[in-house]
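These notes concern the structure reproduced below.
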Amino acid sequence: MSTTDTYEPSIAQSKGELLDSGEREYMLDVRTQDMEVNMGPQHPATHGVMRVLIRCDGELVTGAQPHLGYLHRCAEKIGENVEWLQYLPYTDRYDYLAAMNNNLGYSMAVEALMGIEIPRRAMMLRTICAELNRIGSHLIAIGTYGLDIGAITPFLYMFREREWMMALFEKICGARLTYSYIRIGGVFNDAPPGWLSEVEAFCDTFEVKWKEYYDLLMQNHIFVQRTANIGVISREMALDFGLTGPMLRGSNIDWDLRRDTPYELYDEIWKDKAFEIPLASGEKGTLGDTWDRAWVRVMEMMESIKIVRWCLDKVEPGPIIAEIPKTLRIPPGEAYVGIENPRGELGHYVVSDGGKIAVRCRVRGPSFANLAVLEELMPGTLLADAIAIIGSTDIVVGETDR
Amino acid sequence: MGLLEKQFEENVLTTKVDWLLNWCRLSSIWPMTFGLACCAIEMMAVGCAHHDIDRFGAGAFRASPRQADLMIVAGTVNFKMAERIKRLYDQMPSPKYAIAMGACATGGGPYYKYGYTVVKGVDRVIPVDVYIAGCPPRPEALLEGLMKLQEKIQASSVIRKPLRTA
Amino acid sequence: MDFQVIYDRIRSIKAPGVIGCDEPREPNPEDKKDKGRFGDSFVLVEPERLPEFLECVRDDALLKFELMADLSATDPSKDDENLWINVQLLSLTHKHRLAVKCFLPKANPVMPTSAPVHRGAQWAERECGEMYGITFEGHPDPRNILLPEDWIGAPMRKDYEYPEEYHGISCK
């Protein structure tokens with residue numbers, strides 16, 4: 001990857017300008033070799049084990065190549081060897097920051113093949129948990145983004161809220177991180193008494209704290225200077241690479257699977273005008289830069305709170321899981337269901353031949369497609385900006401590698 | 001450490017020096033940022049204010065292995081990653097410790113049976129001092145693992161066989 | 001747009017390589033072995049013409065499938081002589097989806113690359129190729145992406161045998 005084989009500096013002196021101090025400024029033309037820097041699998045600023053080979057000329061990045069596979073856990077092969085319900089814990093573990101959404105995607109793909117109807121209370125609980133998890137995932141996205149840039153305080157504040165959210169989830173399903181709560185046919189455990197009012201208390205406090213984050217991080221002059229005008233994604237680039245989620249909405253492309261291909265209760269929620277889709281507008285710099293994407297994530301947290309409040313208003317007692325047999329035999333066929341993960345479109349493509357075990361369980365991870373854009377975005381930026389660009393893609397390596 | 005290995009009998013002076021050295025070591029174990037997968041999020045939660053790891057003296061997470069004492073392998077270990085783990089472990093200066101956090105690092109975890117690229121336990125690659133079970137283990141479990149490691153360090157001695165050679 | 005409407009449009013603009021389509025059907029009450037087929041409908045395309053087909057449906061004004069969500073492969077069973085290539089397309093302007101399937105013979109798993117049409121296919125094809133042993137002709141960068149560089153075998157095939165050891169680390 002080096003540009004010169006033999007090192008021959010050619011020094012040409014041009015007639016220098018006369019500066020105010022009386023000195024003369026000379027321009028030297030010295031050729032140097034590009035340096036290959038390995039932003040290795042173990043690095044404090046890559047979001048997990050990912051390796052980026054950066055070729056840079058001084059501080060300027062001239063080429064970047066992401067290397068994946070350091071967390072490849074063969075999830076798709078496992079899907080072909082274990083039963084339908086046994087695969088559910090594995091779905092938690094690819095995007096471990098938004099585990100509820102992964103469970104939801106897989107359950108919906110299998111339910112599309114079964115053709116069953118989910119009880120309303122189950123759908124309400126599913127939506128509440130998925131949106132709360134979206135808030136949790138965006139909290140970490142913004143918190144670690146600030147940490148990469150150098151702002152350590154928002155990271156600690158974000159984890160404070162996240163601890164509260166994880167305590168809520170622990171009450172309902174027993175786990176803090178990998179829930180396996182949303183199962184095929186509904187959810188497996190009803191909300192314990194008092195849980196719904198605790199969720200409401202969380203929403204009330206979170207709205208106050210959200211304003212804190214917005215002022216502390218997003219409007220911070222240093223943060224804006226570090227993140228505006230870099231990593232600009234145009235509309236053509238976004239569609240060509242197959243980007244989805246906040247990557248699209250940060251470039252003012254109006255696409256959200258919850259509104260455009262609605263699933264579960266989202267068409268009702270949209271009709272009641274309970275939430276909006278935040279679209280970036282290039283407020284602090286160019287449209288489609290990293291600040292815009294961070295802004296979209298921060299605004300989406302507020303929209304998730306609105307969705308949770310709508311569900312809390314309308315939830316009623318009822319059954320929480322559909323009538324399904326203990327050993328599932330899914331009818332033959334294939335189905336693809338894509339849902340809106342905090343990172344983009346999480347798609348599950350499930351093929352069945354009528355048996356207990358899937359024939360194919362393909363997972364389309366949004367971070368995999370979102371990461372490919374690094375090869376185009378990073379050349380031409382400074383090394384410090386390259387870190388900011390990696391952070392703005394908000395990847396989770398469990399999802400890129402599966 | 002084994003500096004004075006088998007040269008003297010244990011006496012009052014060496015046990016006091018032992019106690020002081022071990023207390024210094026166990027009160028400031030500096031971990032390396034080595035979160036691989038989901039367990040890394042629980043490790044980050046341990047580092048934050050709610051379950052504070054800094055009160056154990058282990059709050060300074062160093063990015064470079066050359067400045068760290070402890071490698072908390074949090075997450076699944078791959079064949080591709082195993083070679084890098086070995087290299088990072090070799091780069092750490094003695095005395096160094098390793099904690100295998102979570103089911104994946106302990107014995108392959110849920111990917112044990114059908115994962116073709118998963119190493120069934122990080123102890124096939126590096127020597128491990130403490131194993132913590134859980135998927136992912138609660139932050140309190142990680143703190144207990146750290147306390148067990150501190151007990152292990154407490155039991156080491158200047159004149160006995162060293163805890164870990166390079 | 002409904003699948004039938006999309007399929008009629010594909011037929012009318014004479015998109016290259018279309019073989020047919022497959023829609024879900026109810027089980028046949030007379031044949032006890034036929035359990036029917038549920039789920040999604042898809043369009044069957046010849047693998048050699050897949051990039052041209054994708055370009056055609058991307059540029060047509062009424063279809064406008066600009067975003068390729070997924071390109072993956074399936075090994076249906078050990079006895080089946082074909083691999084399936086499955087492409088999921090998404091249209092942002094018209095808000096519809098399309099599933100495209102190709103049958104690729106296992107004896108000769110070679111097909112042209114769709115990377116010039118959708119840049120996002122580049123990495124998806126790398127993954128597909130290493131997992132199933134498929135060669136995508138004309139691919140700019142056909143290295144292994146998720147597996148180590150010197151991995152032997154195509155792991156996602158149904159007849160794959162797990163390795164005994166790798167670089168001195170035992171696999172048992």
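Identifiers for the structure tokens are assigned positionally: chains receive A, B, ... in sequence, residues are indexed from 1 per chain, and ligands are indexed from 1 in the order shown.
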
What's the 12 Å shell around Tyr89 (chain B), counting only C-alpha atoms, without same-chain residues fewer than 2 positions away, as a PyMOL selection string?
-> (chain A and resi 42) or (chain B and resi 32+34+64-73+82-87+91-99+122-123+125-128+166)

With N, CA and C atoms retained, could you export that selection as a compact mmCIF listing (two decimals), in the first residue's frame?
# COMPACT_ATOMS: atom_id res chain seq x y z
N GLN A 42 -8.02 -4.15 19.23
CA GLN A 42 -8.17 -3.65 20.57
C GLN A 42 -7.83 -2.17 20.56
N MET B 32 -7.12 -3.50 31.42
CA MET B 32 -6.98 -3.03 30.04
C MET B 32 -8.37 -3.02 29.42
N PHE B 34 -10.62 -4.22 27.26
CA PHE B 34 -10.63 -5.36 26.35
C PHE B 34 -12.01 -5.95 26.27
N SER B 64 -3.46 0.88 26.57
CA SER B 64 -2.29 0.17 26.06
C SER B 64 -1.98 -1.01 26.96
N PRO B 65 -1.69 -2.19 26.39
CA PRO B 65 -1.40 -3.33 27.26
C PRO B 65 -0.12 -3.14 28.06
N ARG B 66 0.76 -2.29 27.59
CA ARG B 66 2.03 -2.13 28.30
C ARG B 66 1.88 -1.37 29.60
N GLN B 67 0.70 -0.78 29.81
CA GLN B 67 0.50 -0.03 31.05
C GLN B 67 -0.52 -0.70 31.94
N ALA B 68 -0.95 -1.89 31.60
CA ALA B 68 -2.06 -2.52 32.32
C ALA B 68 -1.56 -3.72 33.10
N ASP B 69 -2.29 -4.04 34.20
CA ASP B 69 -1.96 -5.24 34.96
C ASP B 69 -2.90 -6.37 34.67
N LEU B 70 -4.14 -6.02 34.31
CA LEU B 70 -5.19 -7.02 34.30
C LEU B 70 -5.85 -7.01 32.94
N MET B 71 -6.12 -8.19 32.42
CA MET B 71 -6.84 -8.27 31.16
C MET B 71 -8.17 -8.96 31.46
N ILE B 72 -9.25 -8.22 31.39
CA ILE B 72 -10.57 -8.82 31.61
C ILE B 72 -11.08 -9.20 30.23
N VAL B 73 -11.03 -10.48 29.91
CA VAL B 73 -11.50 -10.92 28.60
C VAL B 73 -13.01 -11.02 28.68
N ALA B 82 -7.99 -14.79 18.63
CA ALA B 82 -7.15 -15.49 19.62
C ALA B 82 -5.69 -15.13 19.45
N GLU B 83 -5.25 -15.00 18.20
CA GLU B 83 -3.84 -14.67 18.00
C GLU B 83 -3.54 -13.28 18.52
N ARG B 84 -4.50 -12.37 18.35
CA ARG B 84 -4.28 -11.02 18.86
C ARG B 84 -4.28 -11.00 20.37
N ILE B 85 -5.14 -11.85 20.98
CA ILE B 85 -5.18 -11.90 22.45
C ILE B 85 -3.85 -12.38 22.98
N LYS B 86 -3.29 -13.40 22.31
CA LYS B 86 -2.00 -13.92 22.78
C LYS B 86 -0.93 -12.85 22.69
N ARG B 87 -0.99 -12.10 21.59
CA ARG B 87 0.03 -11.06 21.41
C ARG B 87 -0.14 -9.96 22.46
N GLN B 91 2.36 -8.77 25.57
CA GLN B 91 2.86 -7.41 25.70
C GLN B 91 2.69 -6.84 27.10
N MET B 92 1.84 -7.49 27.92
CA MET B 92 1.63 -6.95 29.26
C MET B 92 2.84 -7.28 30.13
N PRO B 93 3.31 -6.34 30.95
CA PRO B 93 4.46 -6.65 31.81
C PRO B 93 4.02 -7.44 33.04
N SER B 94 4.92 -8.29 33.55
CA SER B 94 4.64 -9.06 34.77
C SER B 94 4.64 -8.12 35.94
N PRO B 95 3.98 -8.37 37.06
CA PRO B 95 3.00 -9.43 37.25
C PRO B 95 1.67 -9.09 36.60
N LYS B 96 1.11 -10.00 35.85
CA LYS B 96 -0.10 -9.74 35.14
C LYS B 96 -1.12 -10.82 35.45
N TYR B 97 -2.38 -10.45 35.36
CA TYR B 97 -3.47 -11.34 35.70
C TYR B 97 -4.48 -11.32 34.59
N ALA B 98 -5.28 -12.37 34.54
CA ALA B 98 -6.33 -12.41 33.51
C ALA B 98 -7.60 -12.94 34.14
N ILE B 99 -8.69 -12.28 33.82
CA ILE B 99 -10.01 -12.73 34.28
C ILE B 99 -10.80 -13.12 33.04
N VAL B 122 -11.19 -19.03 26.74
CA VAL B 122 -9.97 -18.28 26.46
C VAL B 122 -8.77 -18.91 27.16
N ASP B 123 -9.00 -19.88 28.06
CA ASP B 123 -7.84 -20.50 28.69
C ASP B 123 -7.12 -21.45 27.76
N VAL B 125 -5.87 -20.19 25.23
CA VAL B 125 -4.96 -19.24 24.60
C VAL B 125 -4.04 -18.59 25.63
N ILE B 126 -4.60 -18.15 26.73
CA ILE B 126 -3.80 -17.48 27.76
C ILE B 126 -4.11 -18.12 29.11
N PRO B 127 -3.21 -18.05 30.06
CA PRO B 127 -3.52 -18.58 31.39
C PRO B 127 -4.45 -17.64 32.15
N VAL B 128 -5.49 -18.21 32.74
CA VAL B 128 -6.53 -17.40 33.37
C VAL B 128 -6.48 -17.58 34.87
N ALA B 166 6.58 -14.51 33.08
CA ALA B 166 6.25 -13.80 31.83
C ALA B 166 5.65 -14.73 30.82

Distance query region 10-24 of chain C at most 8 Å, only C-alpha atoms, self and fewer than 3 positions along chain excluded, as a ChimeraX atom specification | /A:333 /C:6-7,36-50,52-53,56-57

Requested write-out: N, CA and C atoms of the selected residues, as a short mmCIF file (atom, residue, chain, number, x, y, z; two decimals), in the first residue's frame:
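The resulting again-v4.cif:
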data_model
loop_
_atom_site.label_atom_id
_atom_site.label_comp_id
_atom_site.auth_asym_id
_atom_site.auth_seq_id
_atom_site.Cartn_x
_atom_site.Cartn_y
_atom_site.Cartn_z
N GLY A 333 -42.05 -22.62 3.92
CA GLY A 333 -42.11 -21.35 3.21
C GLY A 333 -40.92 -20.51 3.58
N ILE C 6 -46.54 -5.47 -9.20
CA ILE C 6 -45.10 -5.31 -9.45
C ILE C 6 -44.65 -6.31 -10.51
N TYR C 7 -45.13 -7.56 -10.38
CA TYR C 7 -44.69 -8.59 -11.31
C TYR C 7 -45.16 -8.29 -12.72
N GLY C 36 -48.29 -27.12 1.38
CA GLY C 36 -48.47 -25.75 0.93
C GLY C 36 -47.18 -24.96 1.11
N ARG C 37 -47.27 -23.68 0.74
CA ARG C 37 -46.11 -22.81 0.97
C ARG C 37 -46.63 -21.48 1.49
N PHE C 38 -46.05 -21.03 2.57
CA PHE C 38 -46.49 -19.78 3.19
C PHE C 38 -45.41 -18.73 3.04
N GLY C 39 -45.73 -17.53 3.44
CA GLY C 39 -44.68 -16.50 3.51
C GLY C 39 -44.73 -15.52 2.36
N ASP C 40 -43.58 -15.24 1.78
CA ASP C 40 -43.46 -14.17 0.78
C ASP C 40 -43.52 -14.72 -0.62
N SER C 41 -43.87 -13.83 -1.55
CA SER C 41 -43.75 -14.16 -2.97
C SER C 41 -42.41 -13.64 -3.46
N PHE C 42 -41.88 -14.30 -4.48
CA PHE C 42 -40.63 -13.79 -5.02
C PHE C 42 -40.59 -13.98 -6.52
N VAL C 43 -39.64 -13.29 -7.16
CA VAL C 43 -39.44 -13.36 -8.60
C VAL C 43 -38.22 -14.23 -8.85
N LEU C 44 -38.34 -15.14 -9.81
CA LEU C 44 -37.20 -16.01 -10.13
C LEU C 44 -36.44 -15.41 -11.29
N VAL C 45 -35.12 -15.30 -11.13
CA VAL C 45 -34.30 -14.67 -12.16
C VAL C 45 -33.12 -15.59 -12.44
N GLU C 46 -32.65 -15.57 -13.68
CA GLU C 46 -31.44 -16.34 -13.99
C GLU C 46 -30.23 -15.70 -13.31
N PRO C 47 -29.34 -16.50 -12.73
CA PRO C 47 -28.20 -15.89 -12.02
C PRO C 47 -27.28 -15.08 -12.93
N GLU C 48 -27.15 -15.51 -14.22
CA GLU C 48 -26.22 -14.77 -15.08
C GLU C 48 -26.73 -13.38 -15.41
N ARG C 49 -28.05 -13.18 -15.34
CA ARG C 49 -28.61 -11.88 -15.72
C ARG C 49 -28.99 -11.06 -14.49
N LEU C 50 -28.59 -11.48 -13.31
CA LEU C 50 -29.05 -10.77 -12.10
C LEU C 50 -28.64 -9.31 -12.06
N GLU C 52 -28.12 -7.23 -14.48
CA GLU C 52 -28.91 -6.43 -15.43
C GLU C 52 -30.33 -6.26 -14.92
N PHE C 53 -30.87 -7.33 -14.31
CA PHE C 53 -32.23 -7.25 -13.77
C PHE C 53 -32.29 -6.19 -12.67
N CYS C 56 -32.24 -2.78 -14.10
CA CYS C 56 -33.50 -2.45 -14.77
C CYS C 56 -34.57 -2.03 -13.76
N VAL C 57 -34.72 -2.81 -12.69
CA VAL C 57 -35.78 -2.44 -11.73
C VAL C 57 -35.38 -1.24 -10.89
#

Every residue of region 21-164 of chain C that DSSP places in strand (DSSP E), as an MDAnalysis selection string = chainID C and resid 21:22 38:39 42:45 67:74 82:91 96:105 110:112 135:137

With chain B as the partner and 7 Å as the cut-off, tabulate the residues of chain A that qualify, each row holding the nearest pair of atoms and their distance in Å to one decimal, using only C-alpha atoms, sorted by chain and rising number, as JSON lines.
{"residue": "A:Gln42", "atom": "CA", "partner": "B:Phe34", "partner_atom": "CA", "distance": 6.5}
{"residue": "A:His43", "atom": "CA", "partner": "B:Ala63", "partner_atom": "CA", "distance": 6.8}
{"residue": "A:Pro44", "atom": "CA", "partner": "B:Ala63", "partner_atom": "CA", "distance": 6.0}
{"residue": "A:Gly48", "atom": "CA", "partner": "B:Leu36", "partner_atom": "CA", "distance": 5.8}
{"residue": "A:Val49", "atom": "CA", "partner": "B:Leu36", "partner_atom": "CA", "distance": 5.9}
{"residue": "A:Tyr70", "atom": "CA", "partner": "B:Met81", "partner_atom": "CA", "distance": 5.3}
{"residue": "A:Leu71", "atom": "CA", "partner": "B:Asn78", "partner_atom": "CA", "distance": 6.2}
{"residue": "A:His72", "atom": "CA", "partner": "B:Asn78", "partner_atom": "CA", "distance": 6.9}
{"residue": "A:Arg73", "atom": "CA", "partner": "B:Gly115", "partner_atom": "CA", "distance": 6.1}
{"residue": "A:Cys74", "atom": "CA", "partner": "B:Gly115", "partner_atom": "CA", "distance": 5.3}
{"residue": "A:Ile78", "atom": "CA", "partner": "B:Tyr114", "partner_atom": "CA", "distance": 5.7}
{"residue": "A:Arg93", "atom": "CA", "partner": "B:Cys38", "partner_atom": "CA", "distance": 6.9}
{"residue": "A:Tyr96", "atom": "CA", "partner": "B:Cys38", "partner_atom": "CA", "distance": 5.7}
{"residue": "A:Leu156", "atom": "CA", "partner": "B:Cys48", "partner_atom": "CA", "distance": 5.9}
{"residue": "A:Phe159", "atom": "CA", "partner": "B:Cys48", "partner_atom": "CA", "distance": 6.8}
{"residue": "A:Gly398", "atom": "CA", "partner": "B:Ala37", "partner_atom": "CA", "distance": 6.5}

Convert the current residue selection to file output with N, CA and C atoms, as an mmCIF file, in the first residue's frame.
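File selection_27.cif, as written:
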data_model
loop_
_atom_site.group_PDB
_atom_site.id
_atom_site.type_symbol
_atom_site.label_atom_id
_atom_site.label_comp_id
_atom_site.auth_asym_id
_atom_site.auth_seq_id
_atom_site.Cartn_x
_atom_site.Cartn_y
_atom_site.Cartn_z
ATOM 1 N N GLN A 42 -8.017 -4.150 19.229
ATOM 2 C CA GLN A 42 -8.169 -3.649 20.575
ATOM 3 C C GLN A 42 -7.835 -2.166 20.557
ATOM 4 N N HIS A 43 -8.866 -1.376 20.695
ATOM 5 C CA HIS A 43 -8.678 0.059 20.595
ATOM 6 C C HIS A 43 -9.766 0.713 21.408
ATOM 7 N N PRO A 44 -9.457 1.773 22.137
ATOM 8 C CA PRO A 44 -10.523 2.359 22.963
ATOM 9 C C PRO A 44 -11.623 3.039 22.172
ATOM 10 N N GLY A 48 -16.019 -1.824 19.715
ATOM 11 C CA GLY A 48 -15.945 -3.269 19.692
ATOM 12 C C GLY A 48 -14.704 -3.686 18.941
ATOM 13 N N VAL A 49 -14.626 -4.956 18.606
ATOM 14 C CA VAL A 49 -13.421 -5.438 17.955
ATOM 15 C C VAL A 49 -13.552 -5.284 16.459
ATOM 16 N N TYR A 70 -13.676 -10.327 13.735
ATOM 17 C CA TYR A 70 -13.062 -10.651 15.018
ATOM 18 C C TYR A 70 -14.088 -11.081 16.038
ATOM 19 N N LEU A 71 -15.375 -10.973 15.686
ATOM 20 C CA LEU A 71 -16.403 -11.438 16.608
ATOM 21 C C LEU A 71 -17.391 -12.329 15.865
ATOM 22 N N HIS A 72 -16.929 -13.022 14.848
ATOM 23 C CA HIS A 72 -17.847 -13.842 14.072
ATOM 24 C C HIS A 72 -18.234 -15.057 14.888
ATOM 25 N N ARG A 73 -19.503 -15.141 15.229
ATOM 26 C CA ARG A 73 -19.925 -16.192 16.151
ATOM 27 C C ARG A 73 -20.869 -17.177 15.510
ATOM 28 N N CYS A 74 -20.872 -17.235 14.177
ATOM 29 C CA CYS A 74 -21.581 -18.287 13.468
ATOM 30 C C CYS A 74 -23.047 -18.379 13.857
ATOM 31 N N ILE A 78 -25.766 -21.656 13.543
ATOM 32 C CA ILE A 78 -26.474 -22.141 14.720
ATOM 33 C C ILE A 78 -27.962 -22.158 14.455
ATOM 34 N N ARG A 93 -27.970 -11.616 21.100
ATOM 35 C CA ARG A 93 -26.556 -11.334 21.240
ATOM 36 C C ARG A 93 -25.916 -10.735 20.014
ATOM 37 N N TYR A 96 -26.295 -6.373 20.915
ATOM 38 C CA TYR A 96 -26.569 -6.540 22.334
ATOM 39 C C TYR A 96 -27.036 -5.265 23.014
ATOM 40 N N LEU A 156 -20.986 9.127 31.624
ATOM 41 C CA LEU A 156 -21.414 8.718 32.962
ATOM 42 C C LEU A 156 -22.882 9.046 33.198
ATOM 43 N N PHE A 159 -25.091 6.475 31.448
ATOM 44 C CA PHE A 159 -25.183 5.198 32.129
ATOM 45 C C PHE A 159 -26.074 5.267 33.343
ATOM 46 N N GLY A 398 -21.101 -6.949 17.196
ATOM 47 C CA GLY A 398 -21.865 -8.188 17.236
ATOM 48 C C GLY A 398 -22.805 -8.311 16.052
#

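Here the question is which of A:Glu207, A:Asp394, A:Glu399, A:Glu340 gets nearest to Ile305 (chain A) using only C-alpha atoms, and that residue is A:Glu207.
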
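Of the residues listed (C:Pro29, C:Gly129, C:Pro155, C:Pro140), C:Pro155 shows the shortest atom-to-atom separation from chain A; distances use only C-alpha atoms.
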
Find the nearest atom pair between each residue of chain C and chain A for residues within 7 Å, count only C-alpha atoms, give distances in Å to one decimal, sort rows by chain and ascending number, and present the table as a Markdown table.
| residue | atom | partner | partner_atom | distance |
| --- | --- | --- | --- | --- |
| C:Gly36 | CA | A:Pro332 | CA | 6.9 |
| C:Arg37 | CA | A:Gly333 | CA | 4.8 |
| C:Phe38 | CA | A:Gly333 | CA | 4.6 |
| C:Gly39 | CA | A:Ala335 | CA | 4.8 |
| C:Asp40 | CA | A:Ala335 | CA | 5.1 |
| C:Glu66 | CA | A:Leu239 | CA | 6.3 |
| C:Leu67 | CA | A:Gly242 | CA | 5.3 |
| C:Met68 | CA | A:Gly242 | CA | 5.6 |
| C:Ala69 | CA | A:Gly242 | CA | 5.9 |
| C:Asp70 | CA | A:Arg364 | CA | 6.4 |
| C:Thr74 | CA | A:Arg360 | CA | 6.4 |
| C:Pro76 | CA | A:Val359 | CA | 6.3 |
| C:Leu92 | CA | A:Trp255 | CA | 6.9 |
| C:Lys95 | CA | A:Asp260 | CA | 6.3 |
| C:His118 | CA | A:Asp240 | CA | 5.2 |
| C:Arg119 | CA | A:Phe241 | CA | 5.0 |
| C:Gly120 | CA | A:Phe241 | CA | 4.0 |
| C:Ile145 | CA | A:Leu68 | CA | 6.0 |
| C:Leu146 | CA | A:Gly69 | CA | 3.8 |
| C:Leu147 | CA | A:Gly69 | CA | 5.8 |
| C:Met156 | CA | A:Lys77 | CA | 6.1 |

Please produce a file of the residues just selected, as a PDB file, in the first residue's frame, where the atoms kept are C-alpha atoms.
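So out_12.pdb came out as:
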ATOM      1  CA  GLY C  36     -48.467 -25.752   0.931  1.00  0.00           C
ATOM      2  CA  ARG C  37     -46.114 -22.815   0.965  1.00  0.00           C
ATOM      3  CA  PHE C  38     -46.490 -19.783   3.188  1.00  0.00           C
ATOM      4  CA  GLY C  39     -44.685 -16.500   3.510  1.00  0.00           C
ATOM      5  CA  ASP C  40     -43.463 -14.170   0.782  1.00  0.00           C
ATOM      6  CA  GLU C  66     -33.072   1.968  -5.264  1.00  0.00           C
ATOM      7  CA  LEU C  67     -32.030   0.281  -2.064  1.00  0.00           C
ATOM      8  CA  MET C  68     -30.744  -3.241  -1.905  1.00  0.00           C
ATOM      9  CA  ALA C  69     -31.424  -4.408   1.601  1.00  0.00           C
ATOM     10  CA  ASP C  70     -29.817  -7.822   1.460  1.00  0.00           C
ATOM     11  CA  THR C  74     -29.187 -20.503   1.163  1.00  0.00           C
ATOM     12  CA  PRO C  76     -31.677 -25.816   1.150  1.00  0.00           C
ATOM     13  CA  LEU C  92     -38.148   4.406  -0.828  1.00  0.00           C
ATOM     14  CA  LYS C  95     -42.693   2.092  -0.253  1.00  0.00           C
ATOM     15  CA  HIS C 118     -25.477  -1.454  -5.838  1.00  0.00           C
ATOM     16  CA  ARG C 119     -22.325  -0.616  -3.935  1.00  0.00           C
ATOM     17  CA  GLY C 120     -23.752  -2.247  -0.843  1.00  0.00           C
ATOM     18  CA  ILE C 145     -14.476 -10.769   5.217  1.00  0.00           C
ATOM     19  CA  LEU C 146     -15.683 -12.593   8.316  1.00  0.00           C
ATOM     20  CA  LEU C 147     -13.585 -15.717   8.354  1.00  0.00           C
ATOM     21  CA  MET C 156     -22.583 -22.601   5.708  1.00  0.00           C
TER      22      MET C 156
END

Please identify every residue of chain C that has at least one atom no more than 12 Å from any atom of chain B, counting only C-alpha atoms, and report them as a PyMOL selection string.
-> chain C and resi 131+144-156+160-172

Who sits within 7 Å of Ile85 (chain C), only C-alpha atoms, same chain under 5 positions skipped, as a VMD selection string = chain C and resid 72 to 74 101 to 103

Keeping N, CA and C atoms for every residue in the selection just given, could you write it to a file as a compact mmCIF listing (two decimals), in the first residue's frame?
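Writing done, so here's again-v1.txt:
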# COMPACT_ATOMS: atom_id res chain seq x y z
N SER C 72 -28.06 -12.60 -0.09
CA SER C 72 -27.57 -13.72 0.71
C SER C 72 -27.82 -15.01 -0.05
N ALA C 73 -27.31 -16.10 0.48
CA ALA C 73 -27.47 -17.39 -0.16
C ALA C 73 -28.05 -18.38 0.83
N THR C 74 -28.62 -19.45 0.32
CA THR C 74 -29.19 -20.50 1.16
C THR C 74 -28.80 -21.83 0.58
N LYS C 101 -35.09 -14.23 -6.36
CA LYS C 101 -34.35 -15.46 -6.06
C LYS C 101 -33.72 -16.01 -7.32
N CYS C 102 -32.49 -16.56 -7.18
CA CYS C 102 -31.82 -17.23 -8.29
C CYS C 102 -31.44 -18.62 -7.83
N PHE C 103 -31.49 -19.57 -8.75
CA PHE C 103 -31.01 -20.91 -8.45
C PHE C 103 -29.63 -21.06 -9.04

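You will find CA of Ile339 (chain A) at 10.2 Å from CA of Gly245 (chain A).
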
Please return as a PyMOL selection string: the residues of chain B that backbone DSSP assigns to alpha helix (DSSP H).
-> chain B and resi 12-26+38-47+79-91+102-107+139-154

For Asp79 (chain C): contacts at 12 Å, only C-alpha atoms, fewer than 2 positions along chain excluded, given as a PDB file with N, CA and C atoms, in the first residue's frame:
ATOM      1  N   ASP C  75     -28.477 -22.771   1.445  1.00  0.00           N
ATOM      2  CA  ASP C  75     -28.259 -24.144   1.010  1.00  0.00           C
ATOM      3  C   ASP C  75     -29.464 -24.930   1.500  1.00  0.00           C
ATOM      4  N   PRO C  76     -30.419 -25.253   0.642  1.00  0.00           N
ATOM      5  CA  PRO C  76     -31.677 -25.816   1.150  1.00  0.00           C
ATOM      6  C   PRO C  76     -31.519 -27.187   1.803  1.00  0.00           C
ATOM      7  N   SER C  77     -30.722 -28.063   1.199  1.00  0.00           N
ATOM      8  CA  SER C  77     -30.502 -29.347   1.858  1.00  0.00           C
ATOM      9  C   SER C  77     -29.318 -30.013   1.195  1.00  0.00           C
ATOM     10  N   GLU C  81     -29.539 -29.886  -5.570  1.00  0.00           N
ATOM     11  CA  GLU C  81     -28.361 -29.616  -6.374  1.00  0.00           C
ATOM     12  C   GLU C  81     -28.150 -28.131  -6.604  1.00  0.00           C
ATOM     13  N   ASN C  82     -29.039 -27.289  -6.088  1.00  0.00           N
ATOM     14  CA  ASN C  82     -28.937 -25.852  -6.318  1.00  0.00           C
ATOM     15  C   ASN C  82     -28.728 -25.116  -5.016  1.00  0.00           C
ATOM     16  N   LEU C  83     -28.016 -23.990  -5.122  1.00  0.00           N
ATOM     17  CA  LEU C  83     -28.010 -23.017  -4.036  1.00  0.00           C
ATOM     18  C   LEU C  83     -29.001 -21.938  -4.410  1.00  0.00           C
ATOM     19  N   LYS C 106     -24.841 -26.121  -7.610  1.00  0.00           N
ATOM     20  CA  LYS C 106     -23.724 -26.315  -6.695  1.00  0.00           C
ATOM     21  C   LYS C 106     -22.489 -26.791  -7.443  1.00  0.00           C
ATOM     22  N   ARG C 157     -22.419 -24.441   4.137  1.00  0.00           N
ATOM     23  CA  ARG C 157     -23.019 -25.535   3.377  1.00  0.00           C
ATOM     24  C   ARG C 157     -23.458 -26.625   4.344  1.00  0.00           C
ATOM     25  N   LYS C 158     -24.473 -27.384   3.908  1.00  0.00           N
ATOM     26  CA  LYS C 158     -25.015 -28.404   4.805  1.00  0.00           C
ATOM     27  C   LYS C 158     -24.043 -29.560   4.994  1.00  0.00           C
ATOM     28  N   ASP C 159     -23.127 -29.754   4.046  1.00  0.00           N
ATOM     29  CA  ASP C 159     -22.212 -30.894   4.169  1.00  0.00           C
ATOM     30  C   ASP C 159     -20.856 -30.460   4.690  1.00  0.00           C
TER      31      ASP C 159
END
